[in-house]
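Have a look at query15.cif below; it lists mmCIF, C-alpha atoms.
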data_coords
loop_
_atom_site.label_atom_id
_atom_site.label_comp_id
_atom_site.auth_asym_id
_atom_site.auth_seq_id
_atom_site.Cartn_x
_atom_site.Cartn_y
_atom_site.Cartn_z
CA MET A 101 6.56 -13.85 9.84
CA ASN A 102 9.56 -14.15 7.56
CA GLY A 103 7.38 -14.51 4.49
CA ALA A 104 7.80 -13.86 0.79
CA HIS A 105 6.01 -10.53 1.22
CA ASP A 106 9.01 -9.09 3.10
CA LEU A 107 10.88 -8.21 -0.07
CA GLY A 108 13.17 -5.33 0.92
CA GLY A 109 16.77 -5.98 -0.11
CA MET A 110 16.21 -9.15 -2.15
CA HIS A 111 17.99 -9.64 -5.47
CA GLY A 112 17.06 -11.25 -8.74
CA PHE A 113 13.59 -9.92 -9.59
CA GLY A 114 14.80 -7.94 -12.59
CA ALA A 115 14.01 -4.45 -13.85
CA VAL A 116 11.18 -2.22 -12.72
CA GLU A 117 8.89 -1.90 -15.70
CA ILE A 118 6.48 1.00 -15.83
CA GLU A 119 3.39 0.39 -17.97
CA ARG A 120 2.49 3.42 -20.07
CA ASP A 121 -1.10 4.68 -19.80
CA GLU A 122 -1.85 1.98 -17.28
CA PRO A 123 -5.55 1.43 -16.47
CA VAL A 124 -6.63 1.50 -12.81
CA PHE A 125 -7.70 -2.14 -13.07
CA HIS A 126 -6.54 -4.84 -15.48
CA GLY A 127 -9.78 -6.66 -16.11
CA GLU A 128 -13.11 -7.07 -14.42
CA TRP A 129 -11.94 -9.63 -11.84
CA GLU A 130 -9.51 -7.09 -10.40
CA ARG A 131 -12.35 -4.56 -10.04
CA ARG A 132 -14.54 -7.10 -8.26
CA THR A 133 -11.72 -8.36 -5.99
CA PHE A 134 -10.91 -4.80 -4.97
CA ALA A 135 -14.55 -3.95 -4.25
CA ILE A 136 -15.52 -7.08 -2.30
CA THR A 137 -12.34 -6.79 -0.22
CA LEU A 138 -13.01 -3.17 0.70
CA ALA A 139 -16.73 -3.72 1.31
CA THR A 140 -16.28 -6.78 3.55
CA GLY A 141 -13.59 -4.90 5.50
CA PHE A 142 -16.39 -2.66 6.76
CA LEU A 143 -18.25 -5.63 8.28
CA GLY A 144 -16.00 -5.05 11.30
CA LYS A 145 -15.01 -8.71 11.65
CA TRP A 146 -11.29 -8.06 11.16
CA ASN A 147 -8.92 -5.13 11.08
CA LEU A 148 -6.58 -3.85 8.37
CA ASP A 149 -3.55 -5.54 9.92
CA MET A 150 -5.32 -8.91 10.03
CA SER A 151 -6.14 -8.55 6.35
CA ARG A 152 -2.45 -7.92 5.59
CA TYR A 153 -1.45 -10.92 7.69
CA ALA A 154 -3.94 -13.12 5.82
CA ARG A 155 -2.25 -12.21 2.50
CA GLU A 156 1.21 -12.81 3.94
CA GLN A 157 0.25 -16.40 4.70
CA MET A 158 0.04 -17.29 1.03
CA PRO A 159 2.77 -19.95 0.50
CA PRO A 160 5.98 -18.16 -0.59
CA ALA A 161 6.36 -19.79 -4.02
CA GLU A 162 2.75 -18.93 -4.82
CA TYR A 163 3.03 -15.38 -3.48
CA LEU A 164 5.92 -14.62 -5.80
CA ALA A 165 4.19 -16.17 -8.81
CA THR A 166 0.91 -14.28 -8.48
CA THR A 167 -0.29 -10.70 -8.76
CA TYR A 168 -1.38 -8.14 -6.17
CA TYR A 169 -5.11 -8.81 -6.45
CA GLU A 170 -4.54 -12.56 -6.33
CA HIS A 171 -2.90 -11.91 -2.93
CA TRP A 172 -5.98 -9.93 -1.95
CA LEU A 173 -8.30 -12.73 -3.07
CA PHE A 174 -6.30 -15.33 -1.14
CA GLY A 175 -6.44 -13.17 2.00
CA LEU A 176 -10.14 -12.47 1.66
CA GLU A 177 -11.05 -16.14 1.20
CA LYS A 178 -9.02 -16.96 4.30
CA LEU A 179 -10.65 -14.26 6.45
CA LEU A 180 -14.17 -15.10 5.29
CA ASP A 181 -13.56 -18.76 6.10
CA GLN A 182 -11.93 -18.09 9.49
CA HIS A 183 -14.85 -15.89 10.54
CA GLY A 184 -17.46 -18.34 9.33
CA LEU A 185 -18.90 -15.94 6.76
CA VAL A 186 -18.05 -17.96 3.65
CA ARG A 187 -16.59 -21.40 4.27
CA HIS A 188 -14.13 -22.83 1.75
CA GLU A 189 -16.53 -25.71 1.10
CA GLU A 190 -19.29 -23.27 0.21
CA LEU A 191 -17.05 -21.52 -2.29
CA GLU A 192 -15.94 -24.82 -3.81
CA ALA A 193 -19.58 -25.90 -4.12
CA ARG A 194 -20.50 -22.58 -5.77
CA LEU A 195 -17.60 -23.00 -8.21
CA ARG A 196 -18.92 -26.41 -9.27
CA ASP A 197 -22.54 -25.31 -9.39
CA ALA A 198 -23.70 -21.68 -9.74
CA ALA A 199 -26.96 -22.63 -7.97
CA ALA A 200 -25.25 -24.13 -4.90
CA PRO A 201 -26.89 -22.79 -1.73
CA ALA A 202 -25.56 -19.82 0.25
CA ARG A 203 -25.90 -20.29 3.99
CA PRO A 204 -27.39 -17.03 5.31
CA VAL A 205 -25.45 -14.84 7.74
CA GLU A 206 -27.55 -13.04 10.33
CA GLY A 207 -27.07 -9.53 11.60
CA ALA A 208 -24.22 -8.36 9.37
CA GLY A 209 -23.88 -4.57 9.30
CA ILE A 210 -23.03 -4.11 5.66
CA LEU A 211 -21.69 -1.07 3.80
CA ALA A 212 -24.64 0.50 1.96
CA ALA A 213 -24.14 2.27 -1.37
CA ARG A 214 -25.40 5.56 0.05
CA ASP A 215 -22.69 5.48 2.74
CA VAL A 216 -19.72 4.75 0.48
CA GLU A 217 -18.58 8.33 -0.12
CA LYS A 218 -18.84 9.39 3.51
CA THR A 219 -17.26 6.17 4.78
CA LEU A 220 -14.25 6.48 2.48
CA ARG A 221 -13.76 10.11 3.51
CA THR A 222 -14.01 9.56 7.23
CA SER A 223 -12.89 5.97 7.85
CA ARG A 224 -10.03 5.62 10.31
CA THR A 225 -8.37 2.32 10.77
CA SER A 226 -5.28 2.87 12.82
CA LYS A 227 -4.86 6.30 14.43
CA ALA A 228 -5.43 5.99 18.18
CA ASP A 229 -6.98 8.59 20.49
CA GLU A 230 -5.38 7.26 23.66
CA ASP A 231 -2.91 9.52 25.38
CA VAL A 232 0.16 7.31 25.58
CA ALA A 233 3.56 8.73 26.55
CA PRO A 234 6.29 8.36 23.91
CA ARG A 235 9.35 6.33 24.87
CA TYR A 236 11.55 8.27 22.45
CA LYS A 237 11.85 11.81 21.19
CA VAL A 238 13.10 13.22 17.92
CA GLY A 239 16.89 12.95 17.78
CA ASP A 240 17.11 9.85 19.99
CA ARG A 241 19.41 7.03 18.85
CA VAL A 242 17.69 3.65 18.78
CA ILE A 243 18.39 0.07 17.82
CA THR A 244 15.72 -2.18 16.37
CA LYS A 245 15.04 -5.50 18.02
CA ASN A 246 16.37 -8.61 16.35
CA VAL A 247 13.13 -10.57 16.42
CA HIS A 248 11.59 -13.13 14.08
CA PRO A 249 7.97 -13.51 15.17
CA LEU A 250 5.85 -16.20 13.52
CA GLY A 251 2.90 -13.82 13.36
CA HIS A 252 2.37 -10.43 11.71
CA THR A 253 5.02 -7.75 12.10
CA ARG A 254 5.78 -4.43 10.41
CA LEU A 255 9.47 -4.53 11.26
CA PRO A 256 11.05 -5.57 7.95
CA ARG A 257 13.77 -8.23 8.01
CA TYR A 258 16.34 -5.90 6.45
CA ALA A 259 16.01 -3.48 9.38
CA ARG A 260 16.29 -5.82 12.37
CA GLY A 261 19.14 -5.25 14.83
CA LYS A 262 20.03 -1.96 13.09
CA ARG A 263 20.94 1.41 14.55
CA GLY A 264 18.92 4.45 13.58
CA LYS A 265 17.76 7.87 14.69
CA VAL A 266 14.21 9.04 15.42
CA VAL A 267 13.37 11.87 12.98
CA LEU A 268 9.57 12.25 13.33
CA ASP A 269 7.06 11.34 16.03
CA HIS A 270 3.82 10.41 14.25
CA GLY A 271 1.78 10.25 17.45
CA VAL A 272 -0.16 7.29 18.85
CA TRP A 273 -1.23 4.45 16.57
CA VAL A 274 -2.59 0.92 16.80
CA PHE A 275 0.33 -1.54 16.96
CA PRO A 276 0.00 -3.93 13.98
CA ASP A 277 2.25 -6.59 15.51
CA SER A 278 -0.49 -7.01 18.12
CA ALA A 279 -3.67 -6.06 16.23
CA GLY A 280 -2.69 -8.10 13.15
CA ASN A 281 -2.49 -11.18 15.33
CA ASP A 282 -5.90 -10.41 16.88
CA LEU A 283 -4.24 -9.64 20.23
CA GLY A 284 -5.61 -6.15 20.78
CA ARG A 285 -4.76 -2.63 19.64
CA LYS A 286 -1.88 -1.95 22.05
CA PRO A 287 -1.72 1.76 21.08
CA GLN A 288 1.73 3.36 21.21
CA HIS A 289 3.86 5.95 19.46
CA CYS A 290 5.00 5.37 15.92
CA TYR A 291 8.09 7.17 14.61
CA SER A 292 9.93 7.70 11.40
CA VAL A 293 13.37 6.22 12.07
CA ARG A 294 16.27 7.10 9.81
CA PHE A 295 18.81 4.39 8.97
CA THR A 296 21.89 5.26 6.94
CA ALA A 297 22.39 3.18 3.82
CA ASP A 298 25.74 1.88 5.11
CA GLU A 299 24.16 0.78 8.42
CA LEU A 300 21.63 -1.30 6.46
CA TRP A 301 23.70 -2.48 3.51
CA GLY A 302 27.34 -2.22 4.49
CA THR A 303 30.21 0.12 3.83
CA GLU A 304 29.90 0.00 0.04
CA ALA A 305 26.53 1.78 0.15
CA PRO A 306 26.50 5.51 -0.63
CA THR A 307 27.18 7.32 2.65
CA ARG A 308 24.78 10.18 2.03
CA ASP A 309 21.78 7.96 1.46
CA ALA A 310 19.26 6.75 4.01
CA VAL A 311 16.06 4.75 4.42
CA HIS A 312 13.31 6.04 6.69
CA ILE A 313 11.10 3.37 8.21
CA ASP A 314 7.98 3.84 10.35
CA LEU A 315 8.40 1.85 13.57
CA TRP A 316 6.65 1.63 16.92
CA ASP A 317 7.92 1.85 20.49
CA ASP A 318 7.85 -1.94 20.85
CA HIS A 319 10.21 -2.36 17.87
CA LEU A 320 12.90 -0.19 19.43
CA GLU A 321 15.51 -0.17 22.21
CA PRO A 322 17.66 2.77 23.26
CA ALA A 323 21.07 2.74 21.55
CA MET B 192 -8.80 -31.34 -1.30
CA SER B 193 -6.65 -29.22 0.93
CA ARG B 194 -6.77 -25.47 0.89
CA ASP B 195 -3.33 -25.25 -0.73
CA ASP B 196 -4.29 -27.67 -3.46
CA ASP B 197 -7.32 -25.55 -4.26
CA HIS B 198 -5.15 -22.61 -4.81
CA HIS B 199 -2.38 -24.31 -6.72
CA HIS B 200 -4.68 -25.49 -9.44
CA HIS B 201 -4.85 -21.86 -10.68
CA HIS B 202 -1.39 -22.31 -11.98
CA ASP B 203 -1.79 -25.56 -13.86
CA GLU B 204 -2.21 -23.47 -16.96
CA SER B 205 0.93 -21.90 -18.27
CA GLU B 206 1.24 -18.12 -18.10
CA ASP B 207 0.88 -18.06 -21.88
CA ASP B 208 -2.49 -19.74 -21.68
CA VAL B 209 -3.66 -17.23 -19.12
CA GLN B 210 -2.46 -14.38 -21.31
CA GLU B 211 -4.28 -15.94 -24.25
CA HIS B 212 -7.60 -15.92 -22.38
CA ARG B 213 -7.13 -12.33 -21.27
CA THR B 214 -6.21 -11.08 -24.71
CA HIS B 215 -8.87 -12.83 -26.72
CA GLY B 216 -11.77 -12.85 -24.33
CA ALA B 217 -11.88 -16.65 -24.44
CA PRO B 218 -13.20 -18.72 -21.49
CA LEU B 219 -12.78 -17.20 -18.04
CA THR B 220 -9.65 -18.11 -16.13
CA ASP B 221 -9.82 -19.91 -12.81
CA VAL B 222 -9.20 -16.73 -10.86
CA GLU B 223 -11.98 -14.95 -12.74
CA LEU B 224 -14.39 -17.80 -12.02
CA ARG B 225 -13.33 -17.81 -8.37
CA VAL B 226 -13.95 -14.08 -7.88
CA ARG B 227 -17.30 -14.36 -9.61
CA ALA B 228 -18.36 -17.28 -7.38
CA LEU B 229 -17.22 -15.50 -4.23
CA GLU B 230 -19.00 -12.26 -5.13
CA SER B 231 -22.23 -14.11 -5.89
CA LEU B 232 -22.05 -15.87 -2.51
CA LEU B 233 -21.43 -12.60 -0.68
CA ILE B 234 -24.41 -10.99 -2.40
CA ASP B 235 -26.69 -14.00 -1.75
CA LYS B 236 -25.66 -13.97 1.92
CA GLY B 237 -26.38 -10.28 2.25
CA LEU B 238 -22.76 -9.49 3.15
CA VAL B 239 -22.24 -6.92 0.40
CA ASP B 240 -24.51 -4.43 -1.35
CA PRO B 241 -23.92 -4.73 -5.12
CA ALA B 242 -24.52 -0.99 -5.55
CA ALA B 243 -21.87 -0.27 -2.92
CA LEU B 244 -19.39 -2.40 -4.86
CA ASP B 245 -20.05 -0.36 -7.99
CA ALA B 246 -19.68 2.87 -6.01
CA LEU B 247 -16.33 1.75 -4.58
CA ILE B 248 -15.01 0.90 -8.04
CA ASP B 249 -16.32 4.13 -9.54
CA THR B 250 -14.66 6.18 -6.79
CA TYR B 251 -11.18 4.87 -7.51
CA GLU B 252 -11.64 4.52 -11.26
CA THR B 253 -13.05 7.98 -11.97
CA LYS B 254 -12.90 10.28 -8.93
CA VAL B 255 -9.73 9.70 -6.91
CA GLY B 256 -6.42 9.63 -8.74
CA PRO B 257 -3.08 11.39 -9.30
CA ARG B 258 -4.80 14.54 -10.57
CA ASN B 259 -5.60 15.16 -6.90
CA GLY B 260 -1.94 15.16 -5.95
CA ALA B 261 -1.00 17.22 -9.00
CA LYS B 262 -3.31 20.02 -7.84
CA VAL B 263 -1.64 19.99 -4.43
CA VAL B 264 1.85 20.16 -5.97
CA ALA B 265 0.96 23.02 -8.32
CA ARG B 266 -0.56 24.99 -5.44
CA ALA B 267 2.60 24.49 -3.39
CA TRP B 268 4.70 25.76 -6.31
CA VAL B 269 2.77 29.01 -6.66
CA ASP B 270 1.79 29.70 -3.05
CA PRO B 271 4.67 29.74 -0.51
CA ALA B 272 2.27 29.90 2.46
CA TYR B 273 0.45 26.80 1.20
CA LYS B 274 3.76 25.03 0.67
CA ARG B 275 4.72 25.73 4.28
CA ARG B 276 1.40 24.34 5.51
CA LEU B 277 1.79 21.28 3.26
CA LEU B 278 5.25 20.40 4.54
CA GLU B 279 4.23 21.13 8.13
CA ASP B 280 0.98 19.11 8.11
CA GLY B 281 0.23 17.34 4.84
CA THR B 282 -3.02 15.82 6.11
CA ALA B 283 -4.55 19.22 6.88
CA ALA B 284 -3.16 20.90 3.76
CA VAL B 285 -4.63 18.35 1.33
CA ALA B 286 -7.92 18.43 3.26
CA GLU B 287 -8.18 22.07 2.07
CA PHE B 288 -8.87 20.50 -1.36
CA GLY B 289 -11.26 17.96 0.19
CA PHE B 290 -8.73 15.12 -0.23
CA MET B 291 -8.85 12.91 2.84
CA GLY B 292 -9.81 9.58 4.25
CA ARG B 293 -8.97 6.05 3.23
CA GLN B 294 -5.23 5.39 3.07
CA ALA B 295 -4.27 8.86 4.29
CA GLU B 296 -4.95 9.06 8.02
CA ARG B 297 -1.69 10.94 8.21
CA LEU B 298 -0.01 12.29 5.10
CA VAL B 299 3.59 13.44 5.17
CA VAL B 300 4.79 15.42 2.16
CA VAL B 301 8.54 15.36 1.53
CA GLU B 302 10.23 17.95 -0.67
CA ASN B 303 12.77 17.22 -3.36
CA THR B 304 15.51 19.87 -3.45
CA ARG B 305 19.04 20.38 -4.79
CA ASP B 306 20.29 18.48 -1.73
CA VAL B 307 17.75 15.67 -1.28
CA HIS B 308 15.89 13.30 -3.59
CA ASN B 309 13.00 11.49 -1.88
CA VAL B 310 11.43 8.27 -3.11
CA VAL B 311 8.53 6.27 -1.62
CA VAL B 312 8.07 2.49 -1.41
CA CYS B 313 6.25 -0.11 0.68
CA THR B 314 8.47 -3.18 0.88
CA LEU B 315 6.00 -5.26 2.96
CA CYS B 316 2.80 -4.83 0.95
CA SER B 317 2.01 -1.85 -1.27
CA CYS B 318 0.90 1.02 0.98
CA TYR B 319 0.26 4.10 -1.11
CA PRO B 320 -1.45 7.48 -0.53
CA TRP B 321 -4.78 6.63 -2.18
CA ALA B 322 -6.40 9.95 -1.23
CA VAL B 323 -3.97 11.99 -3.34
CA LEU B 324 -2.65 9.48 -5.92
CA GLY B 325 -5.47 6.93 -6.31
CA LEU B 326 -4.64 3.22 -6.46
CA PRO B 327 -1.01 2.19 -7.00
CA PRO B 328 0.32 1.13 -10.41
CA VAL B 329 1.46 -2.45 -11.00
CA TRP B 330 5.19 -1.59 -10.95
CA TYR B 331 4.87 -0.05 -7.46
CA LYS B 332 3.31 -3.30 -6.19
CA SER B 333 5.82 -5.52 -8.01
CA ALA B 334 8.67 -7.55 -6.48
CA PRO B 335 11.38 -5.74 -8.51
CA TYR B 336 10.46 -2.32 -7.06
CA ARG B 337 9.68 -3.47 -3.51
CA SER B 338 12.94 -5.44 -3.28
CA ARG B 339 15.31 -2.95 -4.91
CA ALA B 340 14.05 0.48 -3.87
CA VAL B 341 15.64 0.19 -0.41
CA ILE B 342 18.93 -1.51 -1.29
CA ASP B 343 19.65 0.16 -4.64
CA PRO B 344 17.51 3.27 -4.99
CA ARG B 345 20.03 5.04 -7.21
CA GLY B 346 20.14 2.06 -9.57
CA VAL B 347 16.34 1.91 -9.81
CA LEU B 348 16.10 5.66 -10.35
CA LYS B 349 18.78 5.60 -13.04
CA GLU B 350 16.96 2.83 -14.93
CA LEU B 351 13.82 4.93 -14.78
CA GLY B 352 15.66 7.94 -16.18
CA VAL B 353 16.47 9.87 -13.00
CA GLU B 354 20.20 10.26 -12.46
CA VAL B 355 20.68 11.60 -8.93
CA PRO B 356 23.99 13.52 -8.64
CA ALA B 357 26.50 12.00 -6.17
CA ASP B 358 26.35 15.11 -3.96
CA ARG B 359 22.57 14.84 -3.58
CA ALA B 360 21.27 12.51 -0.84
CA VAL B 361 18.70 9.85 -1.66
CA ARG B 362 16.10 9.39 1.04
CA VAL B 363 13.84 6.35 0.74
CA TRP B 364 10.58 6.25 2.72
CA ASP B 365 9.46 2.68 3.44
CA SER B 366 5.74 2.95 4.27
CA THR B 367 5.53 0.36 7.03
CA ALA B 368 2.75 2.11 9.01
CA GLU B 369 -0.51 3.92 8.14
CA ILE B 370 1.44 7.12 7.53
CA ARG B 371 1.42 7.88 3.83
CA TYR B 372 4.13 9.74 1.94
CA MET B 373 3.96 11.93 -1.14
CA VAL B 374 6.89 13.64 -2.83
CA LEU B 375 6.75 17.34 -3.66
CA PRO B 376 8.86 17.39 -6.83
CA GLU B 377 11.10 20.28 -7.88
CA ARG B 378 9.38 22.86 -10.04
CA PRO B 379 10.83 22.71 -13.56
CA LYS B 380 12.80 25.63 -14.96
CA ASP B 381 11.22 28.20 -17.26
CA THR B 382 7.72 27.84 -15.87
CA GLU B 383 7.47 31.27 -14.22
CA GLY B 384 4.71 32.42 -16.54
CA MET B 385 2.56 29.34 -16.18
CA SER B 386 -0.74 29.26 -14.29
CA GLU B 387 -1.44 26.88 -11.40
CA GLU B 388 -3.64 24.83 -13.72
CA GLN B 389 -0.97 24.61 -16.41
CA LEU B 390 1.58 23.57 -13.80
CA ALA B 391 -0.72 20.86 -12.44
CA ALA B 392 -0.91 19.38 -15.95
CA LEU B 393 2.87 18.85 -15.91
CA VAL B 394 2.90 16.89 -12.64
CA THR B 395 2.97 13.13 -13.06
CA ARG B 396 2.08 10.30 -10.69
CA ASP B 397 5.63 8.96 -10.88
CA ALA B 398 7.11 12.32 -9.88
CA MET B 399 4.95 12.31 -6.73
CA ILE B 400 6.27 8.81 -5.88
CA GLY B 401 9.79 10.11 -6.52
CA VAL B 402 10.79 7.98 -9.52
CA ALA B 403 10.52 10.79 -12.08
CA THR B 404 11.23 14.49 -12.28
CA VAL B 405 8.78 17.05 -13.66
CA THR B 406 9.69 18.59 -17.00
CA ARG B 407 8.11 21.23 -19.18
#

With the file now loaded, output its structure as structure tokens.
Amino acid sequence: MNGAHDLGGMHGFGAVEIERDEPVFHGEWERRTFAITLATGFLGKWNLDMSRYAREQMPPAEYLATTYYEHWLFGLEKLLDQHGLVRHEELEARLRDAAAPARPVEGAGILAARDVEKTLRTSRTSKADEDVAPRYKVGDRVITKNVHPLGHTRLPRYARGKRGKVVLDHGVWVFPDSAGNDLGRKPQHCYSVRFTADELWGTEAPTRDAVHIDLWDDHLEPA
Amino acid sequence: MSRDDDHHHHHDESEDDVQEHRTHGAPLTDVELRVRALESLLIDKGLVDPAALDALIDTYETKVGPRNGAKVVARAWVDPAYKRRLLEDGTAAVAEFGFMGRQAERLVVVENTRDVHNVVVCTLCSCYPWAVLGLPPVWYKSAPYRSRAVIDPRGVLKELGVEVPADRAVRVWDSTAEIRYMVLPERPKDTEGMSEEQLAALVTRDAMIGVATVTR
């Protein structure tokens, strides 16, 4: 979707400000949001791409006015509601009254504390084992599709309908434009595609410079 | 009340009010109350193990961070065979240190040289190589960086104190997949006598993202 999350190439946001000696989290609510998001991800009810898509659906004006973990919280509330794990009404009731009832959920396979270290070390979300033939090889010239899907996509707006060159074949991966919309894994090759700065931004861009974007077979056409 | 209305009422307070609460430990903000309510529901429903939540936080607050990446960089500077392995297969080379897993299913390490300056961004969300750098800083996740890094990388770098010579190419890596990128910065001059450990202490998080150079 052409949402506010797709920021590449926009103007007007001001300077990049690096915070000195920045803490990992800014406050307890960020810690808790991070942890409940990661932990519930292991329930297996949704995939990583669906969790990104949930955050992207925050209304644009709100997305731009809020912080990273507020996007996470918005996405988590949406996923929990959609999957019937925590309904919005339950959360609203709990906000009004700390003793409001929690409807039990049966049979959830939750992440146990003893499994955290091993799970973080070994968890794989997106690499696919299927043996799928690549449609392109390193050195091939490609053009990205000019598409504007309403659902989740990892083809940024600034790189649609642009000519590039395949520089790395990353192997076979889950295709987020399918998996993020809960339409299956659709495993296929993912490549690093090199776009010159002047192809993306016009002839005034420095000719030596380039942007490398990771794209899948289904994003590309031969050029 | 519609879903959108629920969410908009966070912002009835002005930013200054929110800042006030955060600074002075006054009443909890709406977002803080919301997270607390949601966590309590998840615990009551048996959907999360409170001890697992603490373990997740502890991992990324105290165990995994940019010191991991700094060790990798210092090793590459002193050991040419390791550097070759790192540039050939970053995932396997960092696994030699035990760094692996979440947010690094495939790690690609890109080398800064006299001819090329690499810089990493994620314009669509904030993908970042957690296994070697920990969780991303606020600026990396911010709209200014995500919007500008691809269209004006030289301008962003200059503001951050890195002037890339005109004859050196800037290569931006937009992390749109689950492949994660880390920059191998140039080794600073006059460090020949330094140990691997001393070198690692010079390497900063920002240099491994590509928005800083390493200095003695």

What residues in chain B have any atom no more than 7 Å from chain A when counting all atoms listed in the file, and can you write them as a compact mmCIF listing (two decimals) with C-alpha atoms, in the frame of the given file?
# COMPACT_ATOMS: atom_id res chain seq x y z
CA GLU B 223 -11.98 -14.95 -12.74
CA ARG B 225 -13.33 -17.81 -8.37
CA VAL B 226 -13.95 -14.08 -7.88
CA ALA B 228 -18.36 -17.28 -7.38
CA LEU B 229 -17.22 -15.50 -4.23
CA GLU B 230 -19.00 -12.26 -5.13
CA LEU B 232 -22.05 -15.87 -2.51
CA ASP B 235 -26.69 -14.00 -1.75
CA LYS B 236 -25.66 -13.97 1.92
CA LEU B 238 -22.76 -9.49 3.15
CA VAL B 239 -22.24 -6.92 0.40
CA ASP B 240 -24.51 -4.43 -1.35
CA ALA B 242 -24.52 -0.99 -5.55
CA ALA B 243 -21.87 -0.27 -2.92
CA LEU B 244 -19.39 -2.40 -4.86
CA ALA B 246 -19.68 2.87 -6.01
CA LEU B 247 -16.33 1.75 -4.58
CA ILE B 248 -15.01 0.90 -8.04
CA GLU B 252 -11.64 4.52 -11.26
CA MET B 291 -8.85 12.91 2.84
CA GLY B 292 -9.81 9.58 4.25
CA ARG B 293 -8.97 6.05 3.23
CA GLU B 296 -4.95 9.06 8.02
CA THR B 314 8.47 -3.18 0.88
CA LEU B 315 6.00 -5.26 2.96
CA CYS B 316 2.80 -4.83 0.95
CA LEU B 326 -4.64 3.22 -6.46
CA TRP B 330 5.19 -1.59 -10.95
CA LYS B 332 3.31 -3.30 -6.19
CA ALA B 334 8.67 -7.55 -6.48
CA PRO B 335 11.38 -5.74 -8.51
CA TYR B 336 10.46 -2.32 -7.06
CA ARG B 337 9.68 -3.47 -3.51
CA SER B 338 12.94 -5.44 -3.28
CA ARG B 339 15.31 -2.95 -4.91
CA VAL B 341 15.64 0.19 -0.41
CA ILE B 342 18.93 -1.51 -1.29
CA ALA B 360 21.27 12.51 -0.84
CA VAL B 361 18.70 9.85 -1.66
CA ARG B 362 16.10 9.39 1.04
CA VAL B 363 13.84 6.35 0.74
CA TRP B 364 10.58 6.25 2.72
CA ASP B 365 9.46 2.68 3.44
CA SER B 366 5.74 2.95 4.27
CA THR B 367 5.53 0.36 7.03
CA ALA B 368 2.75 2.11 9.01
CA GLU B 369 -0.51 3.92 8.14

task = Tell me which residues the PyMOL selection byres ((chain A and resi 237) around 9) grabs here, as a list of chain:residue names.
result = A:Pro234, A:Arg235, A:Tyr236, A:Val238, A:Gly239, A:Asp240, A:Val266, A:Val267, A:Leu268, A:Asp269, A:Tyr291

Could you write out the selected residues, including C-alpha atoms, as a tab-separated table (two decimals), in the coordinates of the input?
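Here's the written file selection-v7.tsv:
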chain	number	residue	atom	x	y	z
A	234	PRO	CA	6.29	8.36	23.91
A	235	ARG	CA	9.35	6.33	24.87
A	236	TYR	CA	11.55	8.27	22.45
A	238	VAL	CA	13.10	13.22	17.92
A	239	GLY	CA	16.89	12.95	17.78
A	240	ASP	CA	17.11	9.85	19.99
A	266	VAL	CA	14.21	9.04	15.42
A	267	VAL	CA	13.37	11.87	12.98
A	268	LEU	CA	9.57	12.25	13.33
A	269	ASP	CA	7.06	11.34	16.03
A	291	TYR	CA	8.09	7.17	14.61

message = I'd like the residues picked by the PyMOL selection byres ((chain B and resi 257) around 9) written out as a ChimeraX atom specification, using the chain letters and numbers from the file.
response = /B:255-256,258-262,321-326,394-396,399

task = Do a neighbour search on His252 of chain A at 6 Å with all atoms listed in the file, toss out local chain neighbours closer than 2 positions, and write the hits as a ChimeraX atom specification.
result = /A:101,153,277,280

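Between atom CA of Asp181 of chain A and atom CA of Ile234 of chain B lies a distance of 15.8 Å.
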
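Closest approach to Ala228 of chain A from the set B:Phe290, B:Arg297, B:Val329, B:Arg345 is made by B:Arg297, with distances taken over only C-alpha atoms.
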
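Between atom CA of Val307 of chain B and atom CA of Asp343 of chain B there is a distance of 16.0 Å.
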
message = Evaluate the PyMOL selection byres ((chain A and resi 319) around 9) against this structure - the residues, as a list in words, please.
response = Ile243, Thr244, Lys245, Asn246, Val247, Arg254, Leu255, Arg260, Leu315, Trp316, Asp317, Asp318, Leu320 and Glu321 of chain A

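Residues in contact with Ala279 of chain A at 8 Å, where all atoms listed in the file are counted and same-chain residues fewer than 5 positions away are skipped, are listed as Asn147, Asp149, Met150, Val274, Gly284, Arg285 and Lys286 of chain A.
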
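Residues in contact with Leu179 of chain A at 8 Å, where all atoms listed in the file are counted and same-chain residues fewer than 4 positions away are skipped, are listed as Trp146, Ser151, Ala154, Gly175 and His183 of chain A.
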
Around segment 263-276 of chain A, with edges along x, y and z and 8 Å added on all six sides, what centre and edge lengths do you get, in Å to one decimal, as JSON?
{"center_x": 9.2, "center_y": 4.2, "center_z": 15.9, "size_x": 39.5, "size_y": 32.2, "size_z": 21.9}

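Neighbours of Leu375 of chain B closer than or equal to 7 Å, with all atoms listed in the file counted and sequence neighbours fewer than 6 positions away skipped, come out as Val264, Val300, Val301, Glu302, Asn303 and Met399 of chain B.
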
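Atom CA of Leu298 of chain B is positioned 20.0 Å from atom CA of Glu230 of chain A.
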